[in-house]
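Here is data.cif, consisting of mmCIF, C-alpha atoms and all ligand atoms:
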data_data
loop_
_atom_site.label_atom_id
_atom_site.label_comp_id
_atom_site.auth_asym_id
_atom_site.auth_seq_id
_atom_site.Cartn_x
_atom_site.Cartn_y
_atom_site.Cartn_z
CA MET A 1 18.29 208.98 -77.87
CA ARG A 2 15.53 207.34 -75.95
CA ARG A 3 17.53 204.14 -75.49
CA ARG A 4 19.64 205.96 -72.98
CA LEU A 5 16.70 207.62 -71.24
CA THR A 6 15.07 205.81 -68.40
CA ILE A 7 11.59 204.59 -69.19
CA PRO A 8 9.21 206.84 -67.20
CA GLY A 9 7.90 205.00 -64.18
CA SER A 10 10.74 202.51 -64.05
CA PRO A 11 12.35 201.98 -60.61
CA ALA A 12 15.52 203.73 -61.74
CA GLU A 13 13.69 206.90 -62.61
CA ARG A 14 11.76 206.90 -59.32
CA GLU A 15 15.09 206.88 -57.50
CA VAL A 16 16.48 209.95 -59.22
CA THR A 17 13.36 212.08 -59.84
CA PRO A 18 11.40 213.93 -57.15
CA GLU A 19 7.95 212.36 -56.98
CA THR A 20 6.09 215.47 -58.10
CA ALA A 21 8.26 215.94 -61.14
CA PHE A 22 7.85 212.27 -61.93
CA LEU A 23 4.04 212.49 -61.79
CA ALA A 24 3.95 215.70 -63.81
CA ARG A 25 6.17 214.21 -66.44
CA ARG A 26 4.12 211.03 -66.59
CA SER A 27 0.88 212.92 -67.23
CA LEU A 28 2.61 215.06 -69.80
CA LEU A 29 3.74 211.91 -71.53
CA ALA A 30 0.26 210.46 -71.37
CA LEU A 31 -1.18 213.59 -72.95
CA GLY A 32 1.51 214.12 -75.51
CA ALA A 33 2.48 210.59 -76.43
CA GLY A 34 2.16 211.38 -80.12
CA LEU A 35 4.24 214.53 -79.93
CA LEU A 36 6.88 212.82 -77.88
CA ALA A 37 7.22 209.79 -80.13
CA GLY A 38 10.89 209.18 -80.54
CA CYS A 39 11.77 210.72 -77.18
CA GLY A 40 9.90 208.72 -74.57
CA GLY A 41 9.85 205.05 -73.67
CA ARG A 42 8.82 202.52 -76.27
CA GLU A 43 5.60 201.87 -74.33
CA GLU A 44 4.18 205.24 -75.35
CA GLU A 45 4.92 204.86 -79.03
CA ALA A 46 2.52 204.04 -81.79
CA PRO A 47 3.59 201.34 -84.23
CA VAL A 48 5.72 202.75 -87.04
CA GLU A 49 4.31 202.93 -90.54
CA ALA A 50 6.53 201.48 -93.22
CA PRO A 51 7.41 204.21 -95.72
CA TYR A 52 6.48 202.24 -98.85
CA PRO A 53 5.76 203.79 -101.23
CA ALA A 54 7.46 207.04 -100.17
CA PRO A 55 6.92 210.37 -101.96
CA ARG A 56 9.21 210.69 -104.96
CA ASN A 57 11.91 213.35 -104.92
CA ASP A 58 11.70 214.46 -108.54
CA ALA A 59 14.59 216.90 -108.23
CA LEU A 60 16.95 214.04 -107.38
CA SER A 61 15.42 211.52 -109.78
CA VAL A 62 16.25 210.75 -113.39
CA ALA A 63 13.47 210.56 -116.00
CA LEU A 64 14.37 207.04 -117.08
CA GLU A 65 12.46 203.80 -117.04
CA ALA A 66 13.38 201.64 -114.05
CA THR A 67 15.10 198.34 -114.69
CA PRO A 68 12.60 195.53 -113.99
CA ARG A 69 12.61 194.57 -110.31
CA THR A 70 13.23 190.93 -111.19
CA SER A 71 16.56 191.88 -112.81
CA PHE A 72 17.53 194.06 -109.85
CA GLU A 73 16.77 191.24 -107.42
CA SER A 74 18.39 188.39 -109.33
CA TYR A 75 21.65 189.84 -110.70
CA ASN A 76 23.74 190.80 -107.70
CA ASN A 77 27.22 191.44 -106.44
CA TYR A 78 27.56 190.36 -102.82
CA VAL A 79 30.91 188.73 -102.11
CA GLU A 80 29.92 187.67 -98.61
CA PHE A 81 27.54 185.22 -100.31
CA SER A 82 29.53 184.49 -103.47
CA ALA A 83 32.52 186.11 -105.11
CA GLN A 84 31.78 184.42 -108.45
CA SER A 85 28.06 184.17 -108.95
CA LYS A 86 25.53 186.88 -109.74
CA GLU A 87 22.68 184.43 -109.01
CA LEU A 88 23.71 182.73 -105.76
CA PRO A 89 23.38 185.82 -103.50
CA ARG A 90 19.63 185.80 -104.08
CA THR A 91 19.08 182.35 -102.60
CA ARG A 92 21.89 182.43 -100.07
CA ALA A 93 21.02 185.83 -98.60
CA LYS A 94 17.68 184.46 -97.38
CA ALA A 95 19.67 183.10 -94.41
CA LEU A 96 20.55 186.61 -93.21
CA PRO A 97 18.21 187.77 -90.42
CA LEU A 98 16.98 191.29 -91.27
CA ARG A 99 15.20 192.07 -87.98
CA PRO A 100 16.07 193.29 -85.49
CA TRP A 101 18.56 195.55 -87.30
CA SER A 102 20.49 198.40 -85.80
CA VAL A 103 23.20 200.75 -86.93
CA VAL A 104 25.80 202.38 -84.70
CA VAL A 105 26.98 205.90 -85.54
CA ASP A 106 30.23 206.55 -83.72
CA GLY A 107 33.78 207.85 -83.96
CA LEU A 108 34.33 211.60 -84.14
CA VAL A 109 30.79 212.63 -83.17
CA ARG A 110 29.40 214.52 -80.22
CA GLU A 111 26.52 212.09 -79.69
CA PRO A 112 27.28 208.46 -80.58
CA ARG A 113 24.01 206.75 -81.48
CA THR A 114 22.61 203.29 -81.87
CA LEU A 115 19.46 203.35 -83.97
CA ASP A 116 17.29 200.41 -84.88
CA MET A 117 15.09 200.19 -87.95
CA GLU A 118 12.07 201.52 -86.04
CA ASP A 119 14.09 204.55 -84.95
CA LEU A 120 15.05 205.21 -88.57
CA LEU A 121 11.49 204.75 -89.83
CA ARG A 122 10.27 207.18 -87.18
CA ARG A 123 12.95 209.83 -87.47
CA MET A 124 14.34 209.91 -91.01
CA PRO A 125 12.79 211.79 -93.97
CA PHE A 126 12.00 208.90 -96.31
CA GLU A 127 11.59 209.50 -100.02
CA GLU A 128 11.89 207.68 -103.32
CA ARG A 129 14.61 208.52 -105.83
CA VAL A 130 15.05 207.02 -109.25
CA CYS A 131 18.81 206.76 -109.80
CA ARG A 132 21.27 205.53 -112.34
CA PHE A 133 23.39 202.73 -110.93
CA ARG A 134 26.69 201.75 -112.56
CA CYS A 135 28.91 198.84 -111.54
CA VAL A 136 32.64 199.08 -112.21
CA GLU A 137 32.17 195.85 -114.22
CA ALA A 138 30.33 197.99 -116.83
CA TRP A 139 26.75 196.84 -116.30
CA ALA A 140 24.15 199.41 -115.33
CA MET A 141 20.61 199.69 -114.01
CA VAL A 142 18.04 202.35 -113.16
CA VAL A 143 16.71 201.82 -109.64
CA PRO A 144 13.87 203.50 -107.69
CA TRP A 145 15.35 203.48 -104.19
CA THR A 146 13.50 204.32 -100.97
CA GLY A 147 15.58 205.85 -98.23
CA PHE A 148 16.81 209.07 -96.69
CA PRO A 149 19.87 211.33 -96.97
CA LEU A 150 22.94 210.00 -95.17
CA ALA A 151 23.36 213.61 -93.97
CA ALA A 152 20.14 213.34 -91.95
CA LEU A 153 21.52 210.41 -89.96
CA LEU A 154 24.93 212.03 -89.49
CA ALA A 155 23.24 215.18 -88.21
CA LEU A 156 21.70 213.19 -85.34
CA ALA A 157 25.17 212.21 -84.17
CA GLU A 158 26.66 215.70 -84.64
CA PRO A 159 30.03 215.18 -86.37
CA LEU A 160 32.97 216.93 -84.69
CA GLY A 161 35.07 219.50 -86.54
CA SER A 162 37.91 216.97 -86.67
CA ALA A 163 35.83 214.44 -88.70
CA ARG A 164 36.90 214.22 -92.36
CA PHE A 165 35.76 210.77 -93.52
CA VAL A 166 32.80 208.47 -93.02
CA ARG A 167 33.40 204.71 -92.93
CA LEU A 168 30.51 202.32 -93.49
CA THR A 169 30.82 198.74 -92.25
CA SER A 170 28.74 195.85 -93.56
CA VAL A 171 27.47 193.10 -91.31
CA SER A 172 29.80 190.17 -90.71
CA ALA A 173 27.94 186.88 -90.27
CA PRO A 174 30.39 184.15 -91.37
CA GLU A 175 28.02 181.34 -90.37
CA ARG A 176 25.36 182.75 -92.74
CA MET A 177 27.70 184.02 -95.45
CA PRO A 178 29.51 181.19 -97.23
CA GLY A 179 31.52 183.61 -99.40
CA MET A 180 33.44 184.82 -96.38
CA ALA A 181 35.07 181.45 -95.78
CA VAL A 182 35.77 180.85 -99.49
CA SER A 183 37.57 184.20 -99.74
CA GLU A 184 39.15 184.01 -96.32
CA HIS A 185 42.09 186.24 -97.28
CA PHE A 186 39.77 189.18 -98.04
CA PRO A 187 39.83 192.08 -95.56
CA TRP A 188 36.47 191.35 -93.89
CA PRO A 189 34.17 192.87 -92.94
CA TYR A 190 33.26 194.71 -96.15
CA THR A 191 33.83 198.40 -95.58
CA GLU A 192 33.54 201.48 -97.71
CA ALA A 193 34.14 205.17 -97.03
CA LEU A 194 33.36 208.65 -98.27
CA THR A 195 34.84 212.03 -97.51
CA LEU A 196 32.61 213.95 -95.12
CA GLY A 197 31.77 216.33 -97.98
CA GLU A 198 30.59 213.43 -100.14
CA ALA A 199 28.65 211.91 -97.25
CA MET A 200 26.86 215.20 -96.56
CA HIS A 201 25.97 215.67 -100.24
CA PRO A 202 22.19 215.38 -100.79
CA LEU A 203 22.73 212.63 -103.38
CA ALA A 204 24.33 210.31 -100.80
CA MET A 205 21.45 208.19 -99.55
CA LEU A 206 20.86 205.31 -97.20
CA ALA A 207 18.29 202.94 -98.70
CA THR A 208 16.00 200.55 -96.88
CA GLY A 209 13.84 199.84 -99.88
CA ALA A 210 13.49 199.82 -103.65
CA TYR A 211 10.58 199.51 -106.07
CA GLY A 212 8.22 200.74 -103.35
CA ARG A 213 8.94 197.86 -100.98
CA PRO A 214 11.59 196.82 -98.45
CA LEU A 215 14.97 195.92 -99.96
CA ALA A 216 15.57 192.25 -100.67
CA ALA A 217 18.36 190.72 -98.60
CA GLN A 218 20.55 190.21 -101.68
CA ASN A 219 20.28 193.94 -102.47
CA GLY A 220 21.69 194.96 -99.12
CA ALA A 221 18.82 194.97 -96.63
CA ALA A 222 18.33 196.17 -94.05
CA LEU A 223 20.34 199.32 -94.85
CA ARG A 224 22.65 200.09 -97.79
CA LEU A 225 24.44 203.08 -99.18
CA VAL A 226 23.47 204.64 -102.54
CA THR A 227 26.00 206.99 -104.18
CA PRO A 228 24.76 207.13 -107.78
CA TRP A 229 27.73 209.08 -109.17
CA LYS A 230 30.19 206.40 -108.01
CA TYR A 231 30.86 202.84 -109.08
CA GLY A 232 28.58 200.35 -107.37
CA PHE A 233 31.21 198.87 -105.06
CA LYS A 234 31.11 202.06 -103.00
CA SER A 235 27.50 201.35 -102.03
CA ALA A 236 28.07 199.05 -99.04
CA LYS A 237 25.25 196.66 -98.20
CA ALA A 238 23.83 195.55 -94.85
CA ILE A 239 25.38 198.45 -92.95
CA VAL A 240 25.71 198.02 -89.18
CA ARG A 241 28.17 200.76 -88.34
CA ILE A 242 28.97 204.27 -89.56
CA THR A 243 32.14 205.77 -88.11
CA LEU A 244 33.50 209.28 -88.52
CA THR A 245 37.27 209.43 -88.75
CA ALA A 246 40.06 211.95 -89.23
CA GLU A 247 42.15 209.71 -91.52
CA GLN A 248 41.07 208.15 -94.82
CA PRO A 249 39.89 204.64 -93.89
CA GLU A 250 41.10 201.48 -95.57
CA THR A 251 38.29 200.14 -97.74
CA PHE A 252 37.58 196.63 -98.97
CA TRP A 253 38.25 196.72 -102.74
CA ASN A 254 40.75 199.55 -102.60
CA SER A 255 42.95 197.67 -100.14
CA LEU A 256 42.68 194.45 -102.20
CA GLN A 257 43.42 196.00 -105.62
CA PRO A 258 44.16 199.73 -105.47
CA GLU A 259 45.05 199.93 -109.18
CA GLU A 260 41.62 198.58 -110.15
CA TYR A 261 39.42 200.14 -107.48
CA GLY A 262 40.19 203.72 -106.48
CA PHE A 263 39.08 205.26 -103.22
CA TYR A 264 36.91 207.87 -104.95
CA ALA A 265 35.65 205.58 -107.72
CA ASN A 266 33.62 208.29 -109.42
CA VAL A 267 32.15 206.96 -112.67
CA ASN A 268 34.56 208.12 -115.35
CA PRO A 269 34.18 207.08 -119.01
CA ALA A 270 37.64 208.49 -119.81
CA LYS A 271 39.53 206.30 -117.36
CA ALA A 272 39.67 202.65 -118.37
CA HIS A 273 39.76 199.92 -115.77
CA PRO A 274 43.11 198.08 -116.19
CA ARG A 275 41.22 195.12 -117.65
CA TRP A 276 38.42 196.77 -119.69
CA PRO A 277 37.31 200.15 -121.09
CA GLN A 278 34.72 202.23 -119.22
CA HIS A 279 33.37 204.48 -121.98
CA THR A 280 30.34 202.28 -122.56
CA GLU A 281 28.13 200.21 -120.29
CA ARG A 282 25.48 197.50 -120.63
CA LEU A 283 22.02 198.40 -119.34
CA LEU A 284 19.91 195.67 -117.79
CA PRO A 285 17.62 193.85 -118.41
CA ASP A 286 18.85 193.24 -121.97
CA PHE A 287 22.44 194.51 -121.56
CA ARG A 288 21.92 197.07 -124.28
CA ARG A 289 25.14 199.00 -124.80
CA GLN A 290 25.06 202.75 -124.16
CA PRO A 291 27.62 205.47 -123.49
CA THR A 292 28.87 205.92 -119.93
CA LEU A 293 28.42 209.45 -118.57
CA ALA A 294 30.93 211.38 -116.46
CA TYR A 295 29.94 211.05 -112.79
CA ASN A 296 27.26 208.71 -114.11
CA GLY A 297 25.29 211.76 -115.29
CA TYR A 298 25.44 213.56 -111.93
CA GLY A 299 28.35 215.87 -112.78
CA GLU A 300 26.36 219.06 -112.44
CA ALA A 301 25.47 218.14 -108.84
CA VAL A 302 28.75 216.64 -107.62
CA ALA A 303 31.66 217.92 -109.71
CA GLY A 304 32.12 220.78 -107.22
CA LEU A 305 33.25 218.22 -104.63
CA TYR A 306 36.34 217.43 -106.68
CA SER A 307 39.45 218.93 -108.18
CA GLY A 308 39.32 216.43 -111.04
CA ASN A 309 42.33 214.32 -110.05
CA GLU A 310 40.50 211.98 -107.69
CA HIS A 311 40.26 208.36 -108.71
N1 LIG B 401 28.69 194.28 -98.25
C1 LIG B 401 28.79 194.35 -99.59
N2 LIG B 401 28.34 195.45 -100.23
C2 LIG B 401 28.42 195.52 -101.57
C3 LIG B 401 29.01 194.48 -102.33
C4 LIG B 401 29.47 193.35 -101.64
O1 LIG B 401 29.98 192.39 -102.23
N3 LIG B 401 29.33 193.30 -100.27
N4 LIG B 401 29.12 194.61 -103.70
C5 LIG B 401 29.13 195.98 -104.23
C6 LIG B 401 29.07 196.01 -105.70
S1 LIG B 401 30.49 195.64 -106.54
C7 LIG B 401 27.96 196.41 -106.36
S2 LIG B 401 27.95 196.63 -108.03
C8 LIG B 401 26.68 196.61 -105.63
C9 LIG B 401 25.64 195.68 -106.19
O2 LIG B 401 24.38 195.96 -105.66
P1 LIG B 401 23.13 195.11 -106.14
O3 LIG B 401 23.46 193.65 -105.99
O4 LIG B 401 22.00 195.51 -105.22
O5 LIG B 401 22.87 195.46 -107.56
O6 LIG B 401 26.78 196.38 -104.22
C10 LIG B 401 28.00 196.81 -103.64
N5 LIG B 401 27.93 196.64 -102.21
MO MO B 402 30.16 196.44 -108.66
#
Since I need it in another form, could you write the structure as structure tokens?
Amino acid sequence: MRRRLTIPGSPAEREVTPETAFLARRSLLALGAGLLAGCGGREEEAPVEAPYPAPRNDALSVALEATPRTSFESYNNYVEFSAQSKELPRTRAKALPLRPWSVVVDGLVREPRTLDMEDLLRRMPFEERVCRFRCVEAWAMVVPWTGFPLAALLALAEPLGSARFVRLTSVSAPERMPGMAVSEHFPWPYTEALTLGEAMHPLAMLATGAYGRPLAAQNGAALRLVTPWKYGFKSAKAIVRITLTAEQPETFWNSLQPEEYGFYANVNPAKAHPRWPQHTERLLPDFRRQPTLAYNGYGEAVAGLYSGNEH
């Protein structure tokens, strides 16, 4: 990644590069700055265009009306800001700085990477996808996310053959996140994980936006996971690290209450939560009751990942 390349013309590069090669390379860069964007020094790069709105991927979208943005942005689960309130995350999350933002991709990879938001905007294939979204608490929404396949980011880091899981770690900012102190016994930071097969599935997405604009802080800006066939708690917010591992990682809710929150957490109307049924759900904005679908309606796409016994 260009972070680890020397900026052309810097003293360090002059020391290690024969002068002729240095001059040739510099003129090449000057000529081909556009082509080399993403490979050269930041000086040569044009400003990055924000991808909003991004082209819609109809094949991976549902033909349903989106939940109003105001509901999406004002009814939130974000325990770092409040474990009780659906409303407080919206006001409290304003304290979280969203730029600069970078994500580390490390662990069992050939090329560990640190990418900032500009790197992602420049290098990832952004698109919009309208997805069903189902919380384990039995409320549901339909959200037009903007983002890119998690697989595209993993490919940059080149997972090793020994990698079997992908752990996603949310930002830890106790001084900005009052919920962390209130729930001090929780296993912070918030982490989630997928099998590598799930993470490479085209439906697994990293979102930077929704409703054709950047994500609001309370919805998990600057970068959050979207796995529409799983309960919402799998979709970690404010991701700063993505680590490939050989062993199944401990995850936040699963380690707190394994009977209530499985590792796989695929939406399953036939398997009741210990404290409530899951065969129906309440769709925002008006909490209209409707049937819950197996794999949240994505069974045709994802059922092949499973034997059927995962929970
Ligand atoms: N870091 C972090 N990620 C999180 C959560 C959280 O508390 N902290 N809550 C999860 C749960 S339970 C749900 S339902 C969704 C809610 O996303 P939304 O507020 O954007 O609707 O985020 C998930 N990701
Ligand atoms: Mo949730």
Hey, can you check how far CA of Pro51 in chain A sits from CA of Thr114 in chain A?
20.6 Å
Would you list the residues that come within 10 Å of ligand LIG 401 (chain B)? Count only C-alpha atoms and all ligand atoms and give the answer as number ranges by chain.
A: 71-83, 86-87, 89-90, 133-141, 143, 168-172, 179, 188-192, 210, 215-221, 224-226, 231-239, 252-253
For C-alpha atoms, I'd like the residues from the last selection saved as a compact mmCIF listing (two decimals), in the frame of the given file.
# COMPACT_ATOMS: atom_id res chain seq x y z
CA SER A 71 16.56 191.88 -112.81
CA PHE A 72 17.53 194.06 -109.85
CA GLU A 73 16.77 191.24 -107.42
CA SER A 74 18.39 188.39 -109.33
CA TYR A 75 21.65 189.84 -110.70
CA ASN A 76 23.74 190.80 -107.70
CA ASN A 77 27.22 191.44 -106.44
CA TYR A 78 27.56 190.36 -102.82
CA VAL A 79 30.91 188.73 -102.11
CA GLU A 80 29.92 187.67 -98.61
CA PHE A 81 27.54 185.22 -100.31
CA SER A 82 29.53 184.49 -103.47
CA ALA A 83 32.52 186.11 -105.11
CA LYS A 86 25.53 186.88 -109.74
CA GLU A 87 22.68 184.43 -109.01
CA PRO A 89 23.38 185.82 -103.50
CA ARG A 90 19.63 185.80 -104.08
CA PHE A 133 23.39 202.73 -110.93
CA ARG A 134 26.69 201.75 -112.56
CA CYS A 135 28.91 198.84 -111.54
CA VAL A 136 32.64 199.08 -112.21
CA GLU A 137 32.17 195.85 -114.22
CA ALA A 138 30.33 197.99 -116.83
CA TRP A 139 26.75 196.84 -116.30
CA ALA A 140 24.15 199.41 -115.33
CA MET A 141 20.61 199.69 -114.01
CA VAL A 143 16.71 201.82 -109.64
CA LEU A 168 30.51 202.32 -93.49
CA THR A 169 30.82 198.74 -92.25
CA SER A 170 28.74 195.85 -93.56
CA VAL A 171 27.47 193.10 -91.31
CA SER A 172 29.80 190.17 -90.71
CA GLY A 179 31.52 183.61 -99.40
CA TRP A 188 36.47 191.35 -93.89
CA PRO A 189 34.17 192.87 -92.94
CA TYR A 190 33.26 194.71 -96.15
CA THR A 191 33.83 198.40 -95.58
CA GLU A 192 33.54 201.48 -97.71
CA ALA A 210 13.49 199.82 -103.65
CA LEU A 215 14.97 195.92 -99.96
CA ALA A 216 15.57 192.25 -100.67
CA ALA A 217 18.36 190.72 -98.60
CA GLN A 218 20.55 190.21 -101.68
CA ASN A 219 20.28 193.94 -102.47
CA GLY A 220 21.69 194.96 -99.12
CA ALA A 221 18.82 194.97 -96.63
CA ARG A 224 22.65 200.09 -97.79
CA LEU A 225 24.44 203.08 -99.18
CA VAL A 226 23.47 204.64 -102.54
CA TYR A 231 30.86 202.84 -109.08
CA GLY A 232 28.58 200.35 -107.37
CA PHE A 233 31.21 198.87 -105.06
CA LYS A 234 31.11 202.06 -103.00
CA SER A 235 27.50 201.35 -102.03
CA ALA A 236 28.07 199.05 -99.04
CA LYS A 237 25.25 196.66 -98.20
CA ALA A 238 23.83 195.55 -94.85
CA ILE A 239 25.38 198.45 -92.95
CA PHE A 252 37.58 196.63 -98.97
CA TRP A 253 38.25 196.72 -102.74
Expressed in Å, the length from CA of Pro53 in chain A to CA of Pro125 in chain A is 12.9 Å
Any idea what the distance is between CA of His185 in chain A and CA of Glu310 in chain A?
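Interatomic distance, CA of His185 in chain A to CA of Glu310 in chain A: 27.8 Å.
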Do a neighbour search on Leu203 in chain A at 10 Å with all atoms listed in the file, toss out local chain neighbours closer than 2 positions, and write the hits as a PyMOL selection string.
chain A and resi 60-61+129+131+148-151+198-201+205-206+226-229+298+301-302
Let me make sure I understand: among A:Arg289, A:His311, A:Arg213, A:Lys230, which one has the smallest atom-to-atom distance to ligand MO 402 (chain B) if we use all atoms listed in the file?
A:Lys230
Minimum-distance residue to Pro47 in chain A, chosen among A:Leu156, A:Leu196, A:Val182, A:Leu121 (using only C-alpha atoms):
A:Leu121
Could you give me the axis-aligned bounding box of range 275-283 of chain A, with 3 Å of padding per side, as centre plus edge lengths in Å to one decimal, as AutoDock Vina command-line options?
--center_x 31.6 --center_y 199.8 --center_z -120.1 --size_x 25.2 --size_y 15.4 --size_z 10.9
Of the residues A:Glu49, A:Glu260, A:Glu111, A:Glu128, which is the one nearest to Gly212 in chain A, using only C-alpha atoms?
A:Glu128
Counting all atoms listed in the file, write as a VMD selection string all protein and nucleic acid residues lying at most 8 Å from (38.7, 208.2, -112.6) in the file's frame.
chain A and resid 262 264 to 271 309 to 311
Nearest to ligand MO 402 (chain B) by atom-to-atom distance, counting all atoms listed in the file, from A:Tyr261, A:Arg176, A:Ser102, A:Arg164
A:Tyr261
Looking at A:Gly209, A:Gly107, A:Gly304, A:Pro178, which one is nearest to Val166 in chain A, with distances taken over all atoms listed in the file?
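Nearest candidate to Val166 in chain A out of A:Gly209, A:Gly107, A:Gly304, A:Pro178: A:Gly107.
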If we count only C-alpha atoms and set the cut-off at 7 Å, which residues sit around Thr292 in chain A, ignoring sequence neighbours fewer than 2 positions away in its own chain? Please answer as a list in words.
Pro269, Gln278, His279, Thr280, Glu281, Gln290, Ala294 and Asn296 of chain A
I'd like to know which of A:Ala95, A:Ala155, A:Leu160, A:Ala222 is closest to Ala173 in chain A, using only C-alpha atoms.
A:Ala95
